[in-house]
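The next block holds one structure in the form of structure tokens; read it before the comments.
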Amino acid sequence: QVQLVESGGGLVQAGGSLRLSCAASGRTWSRYTMGWFRQAPGKEREFVAAFNWSDGTTYYADSVKGRFTISGDNAKNTVFLQMHSLKPEDTAVYYCAADRFIDGILHTRVSQYADWGQGTQVTVSS
């Protein structure tokens with residue numbers, strides 16, 4: 001099992017920036033693709049971005065492409081989500097997750113991720 005702890009959420013005005021962090025620990029955490037998801041009130045949890053530790057490849061949802069950047073720091077056991085040009089529709093609880101499969105594929109479905117953090121709230125005011 002991989003343990004994940006998110007931080008960095010908060011309240012920001014539209015057009016602002018935030019950086020979320022996800023500290024990972026546990027058995028072979030660095031072998032898994034890491035993903036960020038978000039869930040707004042009354043909506044399903046949705047994919048935001050994914051990062052592969054082995055080769056640094058990334059994949060983004062269309063709604064955040066060009067505004068968000070996912071990255072990892074192996075020495076700090078941490079995955080980051082840098083968010084720029086935030087919009088009110090980005091308001092949600094953001095979750096970090098570790099992929100269920102060690103296959104190097106950047107999965108995008110909730111069911112493909114096995115371990116989840118507790119979430120961190122991001123609120124963007126208009």
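In the structure tokens, each chain is lettered A, B, ... as it comes, each chain's residues begin at 1, and ligands are numbered from 1 in order of appearance.
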- Item | Residue set, chain A restricted to strand (DSSP E or B), as a PyMOL selection string | chain A and resi 2-7+10-13+18-26+34-39+46-51+58-60+68-73+78-83+92-99+113-116+120-125
- Message: Report as a PyMOL selection string all protein, DNA and RNA residues lying within 7 Å of range 4-7 of chain A, evaluated on only C-alpha atoms, omitting residues in the same chain fewer than 6 positions from it.
- Response: chain A and resi 20-25+96+116-120
- Item | Distance criterion (only C-alpha atoms): nearest to Lys87 in chain A out of A:Asn74, A:Gln39, A:Ser111, A:Ser17 | A:Ser17
- Taking into account only C-alpha atoms, which residue in the set A:Gln13, A:Thr108, A:Asn52, A:Ser71 is nearest to Phe37 in chain A? A:Thr108
- Item | Exercise: Ile70 in chain A partners within 9 Å, only C-alpha atoms, chain neighbours under 2 positions left out, as a ChimeraX atom specification | /A:35-36,49-51,58-60,68,72,79-83
Would you list the contacts of Ser126 in chain A as a PDB file with N, CA, C and O atoms, in the first residue's frame, taking every protein, DNA or RNA residue within 12 Å and counting only C-alpha atoms, but skipping same-chain residues closer than 4 positions in sequence?
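New file selection.pdb:
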```pdb
ATOM      1  N   LEU A  11      -7.687  29.262  -0.679  1.00  0.00           N
ATOM      2  CA  LEU A  11      -8.586  30.177  -1.379  1.00  0.00           C
ATOM      3  C   LEU A  11      -7.752  31.132  -2.225  1.00  0.00           C
ATOM      4  O   LEU A  11      -6.791  31.738  -1.727  1.00  0.00           O
ATOM      5  N   VAL A  12      -8.122  31.272  -3.491  1.00  0.00           N
ATOM      6  CA  VAL A  12      -7.385  32.139  -4.396  1.00  0.00           C
ATOM      7  C   VAL A  12      -8.367  32.818  -5.346  1.00  0.00           C
ATOM      8  O   VAL A  12      -9.431  32.269  -5.638  1.00  0.00           O
ATOM      9  N   GLN A  13      -8.015  33.996  -5.806  1.00  0.00           N
ATOM     10  CA  GLN A  13      -8.873  34.695  -6.768  1.00  0.00           C
ATOM     11  C   GLN A  13      -8.674  34.130  -8.166  1.00  0.00           C
ATOM     12  O   GLN A  13      -7.607  33.579  -8.485  1.00  0.00           O
ATOM     13  N   ALA A  14      -9.676  34.299  -8.991  1.00  0.00           N
ATOM     14  CA  ALA A  14      -9.574  33.862 -10.379  1.00  0.00           C
ATOM     15  C   ALA A  14      -8.348  34.504 -11.029  1.00  0.00           C
ATOM     16  O   ALA A  14      -8.073  35.688 -10.831  1.00  0.00           O
ATOM     17  N   GLY A  15      -7.631  33.696 -11.797  1.00  0.00           N
ATOM     18  CA  GLY A  15      -6.398  34.152 -12.425  1.00  0.00           C
ATOM     19  C   GLY A  15      -5.158  33.892 -11.591  1.00  0.00           C
ATOM     20  O   GLY A  15      -4.030  34.046 -12.080  1.00  0.00           O
ATOM     21  N   GLY A  16      -5.351  33.482 -10.352  1.00  0.00           N
ATOM     22  CA  GLY A  16      -4.230  33.228  -9.460  1.00  0.00           C
ATOM     23  C   GLY A  16      -3.627  31.850  -9.631  1.00  0.00           C
ATOM     24  O   GLY A  16      -4.021  31.083 -10.520  1.00  0.00           O
ATOM     25  N   SER A  85      -3.539  30.405 -13.726  1.00  0.00           N
ATOM     26  CA  SER A  85      -4.740  30.903 -14.402  1.00  0.00           C
ATOM     27  C   SER A  85      -5.993  30.198 -13.892  1.00  0.00           C
ATOM     28  O   SER A  85      -6.837  29.748 -14.680  1.00  0.00           O
ATOM     29  N   LEU A  86      -6.095  30.104 -12.587  1.00  0.00           N
ATOM     30  CA  LEU A  86      -7.212  29.360 -11.995  1.00  0.00           C
ATOM     31  C   LEU A  86      -8.546  30.033 -12.294  1.00  0.00           C
ATOM     32  O   LEU A  86      -8.647  31.274 -12.367  1.00  0.00           O
ATOM     33  N   LYS A  87      -9.557  29.182 -12.450  1.00  0.00           N
ATOM     34  CA  LYS A  87     -10.910  29.631 -12.757  1.00  0.00           C
ATOM     35  C   LYS A  87     -11.866  29.161 -11.653  1.00  0.00           C
ATOM     36  O   LYS A  87     -11.580  28.157 -10.988  1.00  0.00           O
ATOM     37  N   PRO A  88     -12.993  29.819 -11.499  1.00  0.00           N
ATOM     38  CA  PRO A  88     -13.960  29.360 -10.485  1.00  0.00           C
ATOM     39  C   PRO A  88     -14.358  27.893 -10.678  1.00  0.00           C
ATOM     40  O   PRO A  88     -14.584  27.184  -9.688  1.00  0.00           O
ATOM     41  N   GLU A  89     -14.392  27.447 -11.909  1.00  0.00           N
ATOM     42  CA  GLU A  89     -14.767  26.052 -12.166  1.00  0.00           C
ATOM     43  C   GLU A  89     -13.680  25.056 -11.767  1.00  0.00           C
ATOM     44  O   GLU A  89     -13.905  23.847 -11.815  1.00  0.00           O
ATOM     45  N   ASP A  90     -12.517  25.545 -11.357  1.00  0.00           N
ATOM     46  CA  ASP A  90     -11.478  24.656 -10.816  1.00  0.00           C
ATOM     47  C   ASP A  90     -11.708  24.355  -9.334  1.00  0.00           C
ATOM     48  O   ASP A  90     -10.998  23.530  -8.756  1.00  0.00           O
ATOM     49  N   THR A  91     -12.686  25.019  -8.737  1.00  0.00           N
ATOM     50  CA  THR A  91     -12.988  24.797  -7.328  1.00  0.00           C
ATOM     51  C   THR A  91     -13.411  23.349  -7.095  1.00  0.00           C
ATOM     52  O   THR A  91     -14.322  22.844  -7.746  1.00  0.00           O
TER      53      THR A  91
END
```
- Query: Pick the closest to Ile102 in chain A from A:Asn77, A:Ala114, A:Gly9, A:Gly26: which is it, counting only C-alpha atoms?
  - Reply: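 Checking each of A:Asn77, A:Ala114, A:Gly9, A:Gly26 against Ile102 in chain A, counting only C-alpha atoms, the winner is A:Ala114.
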